[in-house]
Number of protein chains: 2
Amino acid sequence: MFDQKIYTERRKKLKQKLGNGLILLLGNVDSPMNYPANTFHFRQDSTFLYFFGLGFQRLAGVIDVESGDEIIFGDDVDIEDIIWMGPQVSLQEKAAKVGITQTAPYSQLFDAINQAIRQGRKIHFLPPYRAENKLLLQELLGIHAQKQKEYASLELIKAVIALRSVKEACEIEEIKKACATGYQMHVTAMKMAQPGAWEQTIAGTIEGISLANGSVPSFPIILSQNGETLHNHDHSNYLKKGKLLLVDAGAETSLRYASDFTRTTPVGGTFTQKQREIYEIVLAANNRAAELTRPGVTYLSVHLEAARVITAGLKALGLMKGDVDEAVRNGAHALFFPHGLGHMMGLDVHDMEDLGQIYVGYDDETRPVDQFGTAYLRLGKKLEPGFVITNEPGIYFIPALIDKWKHEKINTDFIDFGRLESYSDFGGIRLEDDLLVTAAGSELLGQRVPITPEEVEATVKG
Amino acid sequence: MFDQKIYTERRKKLKQKLGNGLILLLGNVDSPMNYPANTFHFRQDSTFLYFFGLGFQRLAGVIDVESGDEIIFGDDVDIEDIIWMGPQVSLQEKAAKVGITQTAPYSQLFDAINQAIRQGRKIHFLPPYRAENKLLLQELLGIHAQKQKEYASLELIKAVIALRSVKEACEIEEIKKACATGYQMHVTAMKMAQPGAWEQTIAGTIEGISLANGSVPSFPIILSQNGETLHNHDHSNYLKKGKLLLVDAGAETSLRYASDFTRTTPVGGTFTQKQREIYEIVLAANNRAAELTRPGVTYLSVHLEAARVITAGLKALGLMKGDVDEAVRNGAHALFFPHGLGHMMGLDVHDMEDLGQIYVGYDDETRPVDQFGTAYLRLGKKLEPGFVITNEPGIYFIPALIDKWKHEKINTDFIDFGRLESYSDFGGIRLEDDLLVTAAGSELLGQRVPITPEEVEATVKG
Ligand SMILES: [Mn+2]
Ligand SMILES: [Mn+2]
């Protein structure tokens with residue numbers, strides 16, 4: 001349960017991790033679309049939510065590590081505004097619900113920070129990603145927007161990551177709610193994967209499902225019959241028989257916890273032989289990765305094993321050749337699987353990405369690998385019980401990348417470029433589940449969205 | 001048709017309106033939700049779209065009024081990125097489609113502006129509303145974010161408003177598309193207005209309809225059985241029999257033109273006698289306002305006539321008393337109708353609100369009225385053919401406002417506070433259509449969403 005205790009305990013642990021100074025955590029404000037009063041849906045900052053639990057605009061939390069004081073700065077609604085906004089709960093009352101007894105008007109934040117600066121105290125802040133908070137930090141701290149990332153507190157970053165990485169029971173429950181909505185979104189998309197359907201109709205319909213459930217999509221929906229285009233937010237195509245529809249989508253609950261699933265569906269509901277062969281390899285890689293996911297193993301090693309399953313499968317089809325281990329050591333699999341196996345997930349779908357992927361996914365023991373493909377792995381370090389991660393292997397036939405490798409003679413020992421030619425129109429397949437690392441291994445979060453070829457075909461055909 | 005000519009012609013007219021200097025029009029960038037790569041849907045700046053027609057991120061247009069030169073600054077996608085993003089159209093090609101032959105890398109924008117500053121030339125810019133553009137203008141012009149509004153070019157603001165206020169045929173066609181989606185959204189909401197329905201389910205479903213049509217909502221949907229709370233974006237209630245569901249929602253097409261309708265529906269589909277009496281007054285005010293809307297009349301006068309219809313109607317019910325004209329002169333109607341009759345609509349649902357409502361809605365001839373209620377009228381000036389406006393009278397029973405007036409003895413000559421007591425749980429009714437001012441009068445845009453009590457009841461009951 002997200003009660004007072006949970007927030008008090010989190011802040012207590014945060015204070016214990018930092019030796020001294022003042023911790024400044026900024027909430028978000030509304031972001032305007034096309035004029036100041038017309039705003040996008042409000043999204044509170046995840047770290048602010050984690051420690052203060054308040055999903056309202058224009059708040060800042062200050063924690064004094066030495067004295068232990070905790071204050072929320074923010075303004076109550078004007079009495080006049082109650083006419084327009086209806087009766088309002090005061091900031092004092094809201095703060096009490098998350099165990100904070102001290103509140104002050106927002107303008108006093110400037111005095112509090114100024115005083116600390118004059119006293120020469122360390123002010124720990126996180127790298128801002130909203131331009132509004134960059135402007136605010138310029139005013140508060142006198143640090144130019146472009147320099148703020150550099151001056152952000154690494155000590156605070158690491159402490160926040162250490163806490164947020166290990167999910168509590170109430171967080172897991174909330175992620176499961178996000179998974180339940182994600183399930184509905186994906187099953188609906190599968191049923192709609194019929195020849196002639198407009199991609200945007202499907203994308204809009206499943207976004208509508210998430211909204212009608214009181215969620216929002218956890219990230220802009222990827223939905224395309226050109227699944228090989230990885231950075232693709234285009235929904236302009238009409239589905240054609242013989243193509244695969246790749247859908248990468250998840251929900252974010254009202255408490256802001258995410259789900260993130262990918263499924264790939266044959267338009268009209270029947271895999272061709274060629275599609276099914278590739279699909280089975282991706283599914284085997286996904287299943288193998290889930291099997292290997294357990295505390296103490298690095299996710300880098302799981303990623304590389306998924307790469308080996310993909311390489312062995314493509315070798316059996318004659319698209320790759322040579323020794324599987326050697327091929328993966330040389331990064332040859334990355335022609336087909338050019339991204340990482342997965343990432344942490346929680347209050348952000350790419351959890352804590354604003355704090356720096358290098359700190360979230362790696363540590364002194366496991367360092368990032370600088371090889372095309374594996375370099376994009378967001379999470380490489382040793383898994384711990386309580387981590388929530390995605391498992392999302394894929395195989396793509398990317399014409400521009402194939403041309404480049406062929407032309408530059410990259411990994412020619414491991415790839416049969418001749419055989420590849422008949423796959424130029426294939427597209428791509430990705431299969432993504434969400435996993436909780438448990439004491440014994442891993443647990444799939446939520447009901448598994450139909451994933452075997454039989455399940456998928458049955459779902460499309462209704 | 002939104003072709004090259006239309007944009008070239010608009011820029012030509014803009015240059016003619018300004019005597020000299022450089023016009024700097026900034027496009028928008030992506031706004032992050034919870035980390036830099038996770039962004040809200042992209043919304044281009046409306047004025048940038050109006051003159052340059054390009055709905056892509058990180059562009060800036062510079063028009064040299066003296067030399068006539070027009071340049072778009074922006075960056076092409078890296079060759080490496082084509083692997084991830086698929087084949088891309090170059091900026092040069094995109095620019096050519098809107099009649100621009102000169103493009104340059106984004107970084108050269110700084111050189112171009114610096115040079116103009118060194119030459120002592122006037123740089124016309126608009127008041128920024130996105131924090132990203134405030135940061136950019138700080139760098140480009142050396143003007144502090146908080147001072148930028150003050151230094152924005154009033155000459156440019158007035159020229160842009162003069163052009164954008166009068167809609168071209170292609171704009172009207174696009175607004176009608178937005179109206180068609182808005183129609184679907186409202187009819188769906190009416191059908192869903194059943195006891196026990198969750199407001200959020202209805203709001204999410206109609207947002208989904210807009211998305212599935214390739215639109216987005218033109219503003220955050222207002223949908224509440226507490227319609228008397230005007231600034232209400234809460235959708236947390238479950239509908240109760242006997243309540244009224246107020247829905248204020250519209251669509252924004254892919255070209256970014258808006259619709260904006262409000263309807264009020266009895267939960268379950270049957271108006272009570274009391275609801276119907278008030279409803280008929282609001283409908284009469286809406287119809288009367290549409291009748292009066294024509295070139296040459298001020299919208300302030302139409303607003304005041306709607307106020308008189310409301311006052312006369314409430315007097316007939318015994319809720320108001322005294323002379324109707326005198327009551328309206330004293331602002332007594334504003335207890336029930338505390339907002340304006342309408343606003344301009346176009347590329348923004350509150351068209352050009354970022355440029356300053358005083359310049360959009362008023363001029364030297366018609367000045368804003370400083371009286372509670374009418375002070376909130378966004379558009380008061382003389383109507384011209386080609387204006388697109390909303391017509392949205394309403395009657396609300398706002399407990400906090402009634403208490404205040406009663407307690408402070410405001411307008412007691414015109415209001416029967418005793419009779420008002422039985423309306424404390426009534427809620428509010430607003431009926432909003434979109435109108436085009438024509439040479440002869442006005443034209444309702446789109447098919448009229450069911451509006452007579454009979455039409456509404458029939459729609460809910462299916
Ligand atoms: Mn993912
Ligand atoms: Mn309106």
# chains A, B, ... in the order shown; residues from 1 in each chain; ligands from 1
>>> closest_atom_pairs(of="chain A", to="chain B", cutoff="6 Å", atoms="only C-alpha atoms", output="CSV")
residue,atom,partner,partner_atom,distance
A:Asn34,CA,B:Asp45,CA,5.9
A:Tyr35,CA,B:Asp354,CA,4.8
A:Pro36,CA,B:Tyr129,CA,5.6
A:Asp45,CA,B:Asn34,CA,5.9
A:Ile83,CA,B:Ala400,CA,5.5
A:Trp84,CA,B:Leu230,CA,5.2
A:Met85,CA,B:His231,CA,5.1
A:Gly86,CA,B:Thr229,CA,5.7
A:Tyr129,CA,B:Pro36,CA,5.6
A:Ala131,CA,B:Ala131,CA,5.2
A:Glu132,CA,B:Ala131,CA,5.3
A:Gln200,CA,B:Ala212,CA,5.7
A:Thr201,CA,B:Ala212,CA,4.0
A:Gly204,CA,B:Ala212,CA,3.9
A:Thr205,CA,B:Gly208,CA,5.4
A:Gly208,CA,B:Gly208,CA,3.7
A:Leu211,CA,B:Gly204,CA,4.3
A:Ala212,CA,B:Gly204,CA,3.9
A:Thr229,CA,B:Trp84,CA,5.4
A:Leu230,CA,B:Trp84,CA,5.2
A:His231,CA,B:Met85,CA,5.1
A:Asp354,CA,B:Tyr35,CA,4.8
A:Ala400,CA,B:Ile83,CA,5.5
A:Leu401,CA,B:Ile83,CA,5.7
>>> write_last_selection(atoms="C-alpha atoms", output="short mmCIF file (atom, residue, chain, number, x, y, z; two decimals), in the first residue's frame")
data_model
loop_
_atom_site.label_atom_id
_atom_site.label_comp_id
_atom_site.auth_asym_id
_atom_site.auth_seq_id
_atom_site.Cartn_x
_atom_site.Cartn_y
_atom_site.Cartn_z
CA ASN A 34 0.35 25.49 -28.40
CA TYR A 35 -0.29 28.24 -25.83
CA PRO A 36 0.32 28.54 -22.10
CA ASP A 45 8.58 13.65 -12.10
CA ILE A 83 -15.29 29.26 -7.40
CA TRP A 84 -13.83 27.83 -10.60
CA MET A 85 -12.09 24.73 -9.32
CA GLY A 86 -14.47 23.51 -6.63
CA TYR A 129 15.12 17.08 -18.40
CA ALA A 131 13.21 23.02 -19.87
CA GLU A 132 10.99 24.65 -17.23
CA GLN A 200 -3.44 4.85 -36.94
CA THR A 201 -6.90 3.42 -36.31
CA GLY A 204 -5.62 5.25 -31.59
CA THR A 205 -7.98 2.52 -30.48
CA GLY A 208 -8.12 4.88 -26.12
CA LEU A 211 -7.15 6.12 -21.40
CA ALA A 212 -10.57 4.59 -20.73
CA THR A 229 12.43 0.57 -38.77
CA LEU A 230 13.26 0.66 -35.08
CA HIS A 231 12.76 4.38 -34.44
CA ASP A 354 16.87 10.69 -16.89
CA ALA A 400 20.04 -0.01 -45.23
CA LEU A 401 22.03 -1.91 -42.59
#
>>> select_by_dssp(residues="region 44-111 of chain B", states="strand (DSSP E or B)", output="mmCIF file with all heavy atoms, in the first residue's frame")
data_model
loop_
_atom_site.group_PDB
_atom_site.id
_atom_site.type_symbol
_atom_site.label_atom_id
_atom_site.label_comp_id
_atom_site.auth_asym_id
_atom_site.auth_seq_id
_atom_site.Cartn_x
_atom_site.Cartn_y
_atom_site.Cartn_z
ATOM 1 N N ALA B 60 13.462 26.630 -37.556
ATOM 2 C CA ALA B 60 13.223 28.052 -37.336
ATOM 3 C C ALA B 60 13.157 28.713 -38.698
ATOM 4 O O ALA B 60 13.898 28.337 -39.613
ATOM 5 C CB ALA B 60 14.336 28.668 -36.494
ATOM 6 N N GLY B 61 12.251 29.660 -38.836
ATOM 7 C CA GLY B 61 12.129 30.389 -40.097
ATOM 8 C C GLY B 61 12.545 31.830 -39.895
ATOM 9 O O GLY B 61 12.186 32.444 -38.891
ATOM 10 N N VAL B 62 13.326 32.344 -40.827
ATOM 11 C CA VAL B 62 13.730 33.751 -40.756
ATOM 12 C C VAL B 62 13.331 34.417 -42.070
ATOM 13 O O VAL B 62 13.642 33.916 -43.147
ATOM 14 C CB VAL B 62 15.250 33.887 -40.502
ATOM 15 C CG1 VAL B 62 15.675 35.345 -40.664
ATOM 16 C CG2 VAL B 62 15.601 33.376 -39.105
ATOM 17 N N ILE B 63 12.609 35.511 -41.939
ATOM 18 C CA ILE B 63 12.175 36.280 -43.112
ATOM 19 C C ILE B 63 12.781 37.667 -43.023
ATOM 20 O O ILE B 63 12.591 38.369 -42.023
ATOM 21 C CB ILE B 63 10.634 36.394 -43.153
ATOM 22 C CG1 ILE B 63 9.989 35.001 -43.221
ATOM 23 C CG2 ILE B 63 10.190 37.249 -44.332
ATOM 24 C CD1 ILE B 63 8.469 35.022 -43.092
ATOM 25 N N ASP B 64 13.544 38.029 -44.048
ATOM 26 C CA ASP B 64 14.152 39.355 -44.094
ATOM 27 C C ASP B 64 13.173 40.280 -44.809
ATOM 28 O O ASP B 64 12.940 40.143 -46.012
ATOM 29 C CB ASP B 64 15.492 39.274 -44.836
ATOM 30 C CG ASP B 64 16.262 40.579 -44.758
ATOM 31 O OD1 ASP B 64 15.612 41.656 -44.832
ATOM 32 O OD2 ASP B 64 17.494 40.533 -44.618
ATOM 33 N N GLU B 70 13.894 34.394 -47.478
ATOM 34 C CA GLU B 70 13.199 33.508 -46.539
ATOM 35 C C GLU B 70 14.060 32.252 -46.360
ATOM 36 O O GLU B 70 14.375 31.582 -47.336
ATOM 37 C CB GLU B 70 11.840 33.102 -47.099
ATOM 38 C CG GLU B 70 10.946 34.299 -47.421
ATOM 39 C CD GLU B 70 9.680 33.925 -48.178
ATOM 40 O OE1 GLU B 70 9.685 32.888 -48.880
ATOM 41 O OE2 GLU B 70 8.686 34.655 -48.054
ATOM 42 N N ILE B 71 14.433 31.956 -45.132
ATOM 43 C CA ILE B 71 15.283 30.781 -44.885
ATOM 44 C C ILE B 71 14.659 29.913 -43.802
ATOM 45 O O ILE B 71 14.146 30.430 -42.808
ATOM 46 C CB ILE B 71 16.694 31.168 -44.374
ATOM 47 C CG1 ILE B 71 17.314 32.246 -45.258
ATOM 48 C CG2 ILE B 71 17.591 29.954 -44.309
ATOM 49 C CD1 ILE B 71 18.759 32.560 -44.890
ATOM 50 N N ILE B 72 14.731 28.602 -44.004
ATOM 51 C CA ILE B 72 14.387 27.685 -42.915
ATOM 52 C C ILE B 72 15.670 27.046 -42.395
ATOM 53 O O ILE B 72 16.457 26.495 -43.171
ATOM 54 C CB ILE B 72 13.404 26.591 -43.380
ATOM 55 C CG1 ILE B 72 12.049 27.233 -43.683
ATOM 56 C CG2 ILE B 72 13.231 25.525 -42.297
ATOM 57 C CD1 ILE B 72 11.000 26.248 -44.127
ATOM 58 N N PHE B 73 15.876 27.159 -41.086
ATOM 59 C CA PHE B 73 17.017 26.531 -40.431
ATOM 60 C C PHE B 73 16.569 25.211 -39.817
ATOM 61 O O PHE B 73 15.543 25.150 -39.128
ATOM 62 C CB PHE B 73 17.588 27.447 -39.346
ATOM 63 C CG PHE B 73 18.178 28.719 -39.894
ATOM 64 C CD1 PHE B 73 17.386 29.845 -40.087
ATOM 65 C CD2 PHE B 73 19.521 28.778 -40.243
ATOM 66 C CE1 PHE B 73 17.925 31.019 -40.608
ATOM 67 C CE2 PHE B 73 20.077 29.949 -40.767
ATOM 68 C CZ PHE B 73 19.270 31.075 -40.949
ATOM 69 N N GLN B 102 15.617 28.368 -49.760
ATOM 70 C CA GLN B 102 16.845 28.452 -48.959
ATOM 71 C C GLN B 102 16.700 27.717 -47.638
ATOM 72 O O GLN B 102 15.819 28.045 -46.837
ATOM 73 C CB GLN B 102 17.133 29.926 -48.630
ATOM 74 C CG GLN B 102 18.081 30.609 -49.589
ATOM 75 C CD GLN B 102 18.475 31.965 -49.025
ATOM 76 O OE1 GLN B 102 17.667 32.897 -49.033
ATOM 77 N NE2 GLN B 102 19.690 32.059 -48.490
ATOM 78 N N THR B 103 17.578 26.749 -47.394
ATOM 79 C CA THR B 103 17.620 26.104 -46.077
ATOM 80 C C THR B 103 19.067 26.128 -45.587
ATOM 81 O O THR B 103 19.997 26.274 -46.381
ATOM 82 C CB THR B 103 17.148 24.635 -46.139
ATOM 83 O OG1 THR B 103 18.063 23.884 -46.938
ATOM 84 C CG2 THR B 103 15.738 24.516 -46.717
ATOM 85 N N ALA B 104 19.234 25.990 -44.289
ATOM 86 C CA ALA B 104 20.585 26.002 -43.709
ATOM 87 C C ALA B 104 20.573 25.183 -42.422
ATOM 88 O O ALA B 104 19.518 25.010 -41.810
ATOM 89 C CB ALA B 104 21.003 27.444 -43.419
#
>>> residues_around(residues="Gly269 (chain B)", least_positions_apart="2", cutoff="10 Å", atoms="only C-alpha atoms", output="list in words")
Met190, Lys191, Met192, Ala193, Gln194, Pro195, Lys241, Gly242, Leu244, Thr265, Pro266, Val267, Phe271, Thr272, Pro453, Glu454, Val456, Glu457, Ala458, Thr459, Val460, Lys461 and Gly462 of chain B
>>> residues_near_ligand(ligand="ligand 2", cutoff="7 Å", atoms="only C-alpha atoms and all ligand atoms", output="list in words")
Asp260, Phe261, Gly342, His343, Thr390, Glu392 and Glu432 of chain B
>>> residues_around(residues="region 90-94 of chain A", least_positions_apart="3", cutoff="10 Å", atoms="only C-alpha atoms", output="list in words")
Gly53, Leu54, Phe56, Leu59, Ile72, Phe73, Gly74, Asp75, Asp76, Val77, Pro87, Lys97, Val98, Gly99, Ile100, Thr101, Gln102, Thr103, Ala104 and Pro105 of chain A
>>> residues_around(residues="Tyr376 (chain B)", least_positions_apart="4", cutoff="12 Å", atoms="only C-alpha atoms", output="list in words")
Leu300, His303, Ala334, Phe337, Pro338, His339, Gly340, Leu341, Gly342, His343, Gln357, Ile358, Gly361, Pro368, Val369, Asp370, Gln371, Phe372 and Gly380 of chain B
>>> residues_around(residues="Ala116 (chain A)", least_positions_apart="5", cutoff="9 Å", atoms="only C-alpha atoms", output="ChimeraX atom specification")
/A:21-22,111,121-123
>>> decode(residues="region 159-171 of chain B", atoms="all heavy atoms", output="PDB file, in the first residue's frame")
ATOM      1  N   ALA B 159       0.369  41.933 -36.979  1.00  0.00           N
ATOM      2  CA  ALA B 159       0.340  41.491 -38.376  1.00  0.00           C
ATOM      3  C   ALA B 159      -0.100  40.031 -38.462  1.00  0.00           C
ATOM      4  O   ALA B 159      -0.915  39.660 -39.309  1.00  0.00           O
ATOM      5  CB  ALA B 159       1.724  41.678 -39.001  1.00  0.00           C
ATOM      6  N   VAL B 160       0.436  39.193 -37.555  1.00  0.00           N
ATOM      7  CA  VAL B 160       0.078  37.765 -37.567  1.00  0.00           C
ATOM      8  C   VAL B 160      -1.410  37.606 -37.256  1.00  0.00           C
ATOM      9  O   VAL B 160      -2.121  36.845 -37.924  1.00  0.00           O
ATOM     10  CB  VAL B 160       0.947  36.980 -36.552  1.00  0.00           C
ATOM     11  CG1 VAL B 160       0.415  35.565 -36.382  1.00  0.00           C
ATOM     12  CG2 VAL B 160       2.411  36.963 -36.991  1.00  0.00           C
ATOM     13  N   ILE B 161      -1.888  38.342 -36.277  1.00  0.00           N
ATOM     14  CA  ILE B 161      -3.303  38.235 -35.904  1.00  0.00           C
ATOM     15  C   ILE B 161      -4.201  38.684 -37.063  1.00  0.00           C
ATOM     16  O   ILE B 161      -5.202  38.040 -37.374  1.00  0.00           O
ATOM     17  CB  ILE B 161      -3.592  39.041 -34.614  1.00  0.00           C
ATOM     18  CG1 ILE B 161      -2.943  38.352 -33.412  1.00  0.00           C
ATOM     19  CG2 ILE B 161      -5.103  39.186 -34.392  1.00  0.00           C
ATOM     20  CD1 ILE B 161      -3.005  39.134 -32.113  1.00  0.00           C
ATOM     21  N   ALA B 162      -3.815  39.778 -37.725  1.00  0.00           N
ATOM     22  CA  ALA B 162      -4.631  40.270 -38.847  1.00  0.00           C
ATOM     23  C   ALA B 162      -4.769  39.191 -39.919  1.00  0.00           C
ATOM     24  O   ALA B 162      -5.854  38.976 -40.470  1.00  0.00           O
ATOM     25  CB  ALA B 162      -4.002  41.534 -39.434  1.00  0.00           C
ATOM     26  N   LEU B 163      -3.671  38.479 -40.195  1.00  0.00           N
ATOM     27  CA  LEU B 163      -3.720  37.458 -41.245  1.00  0.00           C
ATOM     28  C   LEU B 163      -4.455  36.208 -40.776  1.00  0.00           C
ATOM     29  O   LEU B 163      -5.349  35.704 -41.451  1.00  0.00           O
ATOM     30  CB  LEU B 163      -2.294  37.104 -41.690  1.00  0.00           C
ATOM     31  CG  LEU B 163      -1.565  38.213 -42.470  1.00  0.00           C
ATOM     32  CD1 LEU B 163      -0.106  37.840 -42.688  1.00  0.00           C
ATOM     33  CD2 LEU B 163      -2.261  38.475 -43.798  1.00  0.00           C
ATOM     34  N   ARG B 164      -4.071  35.690 -39.607  1.00  0.00           N
ATOM     35  CA  ARG B 164      -4.632  34.414 -39.154  1.00  0.00           C
ATOM     36  C   ARG B 164      -6.117  34.504 -38.796  1.00  0.00           C
ATOM     37  O   ARG B 164      -6.814  33.493 -38.762  1.00  0.00           O
ATOM     38  CB  ARG B 164      -3.826  33.862 -37.958  1.00  0.00           C
ATOM     39  CG  ARG B 164      -2.476  33.242 -38.361  1.00  0.00           C
ATOM     40  CD  ARG B 164      -1.738  32.663 -37.166  1.00  0.00           C
ATOM     41  NE  ARG B 164      -2.543  31.695 -36.424  1.00  0.00           N
ATOM     42  CZ  ARG B 164      -2.195  31.165 -35.254  1.00  0.00           C
ATOM     43  NH1 ARG B 164      -1.044  31.502 -34.687  1.00  0.00           N
ATOM     44  NH2 ARG B 164      -2.987  30.304 -34.647  1.00  0.00           N
ATOM     45  N   SER B 165      -6.602  35.706 -38.480  1.00  0.00           N
ATOM     46  CA  SER B 165      -8.003  35.836 -38.049  1.00  0.00           C
ATOM     47  C   SER B 165      -8.992  35.535 -39.175  1.00  0.00           C
ATOM     48  O   SER B 165     -10.082  35.033 -38.918  1.00  0.00           O
ATOM     49  CB  SER B 165      -8.269  37.258 -37.535  1.00  0.00           C
ATOM     50  OG  SER B 165      -7.541  37.483 -36.346  1.00  0.00           O
ATOM     51  N   VAL B 166      -8.609  35.858 -40.391  1.00  0.00           N
ATOM     52  CA  VAL B 166      -9.522  35.661 -41.525  1.00  0.00           C
ATOM     53  C   VAL B 166      -9.162  34.343 -42.200  1.00  0.00           C
ATOM     54  O   VAL B 166      -8.118  34.205 -42.814  1.00  0.00           O
ATOM     55  CB  VAL B 166      -9.405  36.836 -42.521  1.00  0.00           C
ATOM     56  CG1 VAL B 166     -10.334  36.616 -43.711  1.00  0.00           C
ATOM     57  CG2 VAL B 166      -9.736  38.150 -41.809  1.00  0.00           C
ATOM     58  N   LYS B 167     -10.042  33.360 -42.069  1.00  0.00           N
ATOM     59  CA  LYS B 167      -9.721  32.015 -42.543  1.00  0.00           C
ATOM     60  C   LYS B 167      -9.910  31.879 -44.048  1.00  0.00           C
ATOM     61  O   LYS B 167     -10.900  32.368 -44.614  1.00  0.00           O
ATOM     62  CB  LYS B 167     -10.583  30.974 -41.804  1.00  0.00           C
ATOM     63  CG  LYS B 167      -9.950  30.441 -40.522  1.00  0.00           C
ATOM     64  CD  LYS B 167      -9.735  31.487 -39.457  1.00  0.00           C
ATOM     65  CE  LYS B 167      -9.078  30.949 -38.192  1.00  0.00           C
ATOM     66  NZ  LYS B 167      -8.815  32.036 -37.235  1.00  0.00           N
ATOM     67  N   GLU B 168      -8.974  31.166 -44.663  1.00  0.00           N
ATOM     68  CA  GLU B 168      -9.056  30.867 -46.092  1.00  0.00           C
ATOM     69  C   GLU B 168      -9.919  29.620 -46.294  1.00  0.00           C
ATOM     70  O   GLU B 168     -10.160  28.855 -45.366  1.00  0.00           O
ATOM     71  CB  GLU B 168      -7.638  30.627 -46.626  1.00  0.00           C
ATOM     72  CG  GLU B 168      -6.775  31.894 -46.525  1.00  0.00           C
ATOM     73  CD  GLU B 168      -5.287  31.600 -46.432  1.00  0.00           C
ATOM     74  OE1 GLU B 168      -4.889  30.591 -45.802  1.00  0.00           O
ATOM     75  OE2 GLU B 168      -4.517  32.386 -46.984  1.00  0.00           O
ATOM     76  N   ALA B 169     -10.337  29.423 -47.543  1.00  0.00           N
ATOM     77  CA  ALA B 169     -11.238  28.299 -47.862  1.00  0.00           C
ATOM     78  C   ALA B 169     -10.659  26.962 -47.410  1.00  0.00           C
ATOM     79  O   ALA B 169     -11.364  26.123 -46.842  1.00  0.00           O
ATOM     80  CB  ALA B 169     -11.528  28.285 -49.366  1.00  0.00           C
ATOM     81  N   CYS B 170      -9.347  26.751 -47.621  1.00  0.00           N
ATOM     82  CA  CYS B 170      -8.752  25.458 -47.247  1.00  0.00           C
ATOM     83  C   CYS B 170      -8.757  25.290 -45.731  1.00  0.00           C
ATOM     84  O   CYS B 170      -8.865  24.169 -45.221  1.00  0.00           O
ATOM     85  CB  CYS B 170      -7.341  25.310 -47.821  1.00  0.00           C
ATOM     86  SG  CYS B 170      -6.170  26.564 -47.262  1.00  0.00           S
ATOM     87  N   GLU B 171      -8.665  26.386 -45.022  1.00  0.00           N
ATOM     88  CA  GLU B 171      -8.701  26.312 -43.560  1.00  0.00           C
ATOM     89  C   GLU B 171     -10.103  25.916 -43.079  1.00  0.00           C
ATOM     90  O   GLU B 171     -10.252  25.116 -42.164  1.00  0.00           O
ATOM     91  CB  GLU B 171      -8.280  27.645 -42.943  1.00  0.00           C
ATOM     92  CG  GLU B 171      -6.838  28.023 -43.248  1.00  0.00           C
ATOM     93  CD  GLU B 171      -6.411  29.300 -42.538  1.00  0.00           C
ATOM     94  OE1 GLU B 171      -6.785  30.407 -43.010  1.00  0.00           O
ATOM     95  OE2 GLU B 171      -5.742  29.203 -41.493  1.00  0.00           O
TER      96      GLU B 171
END
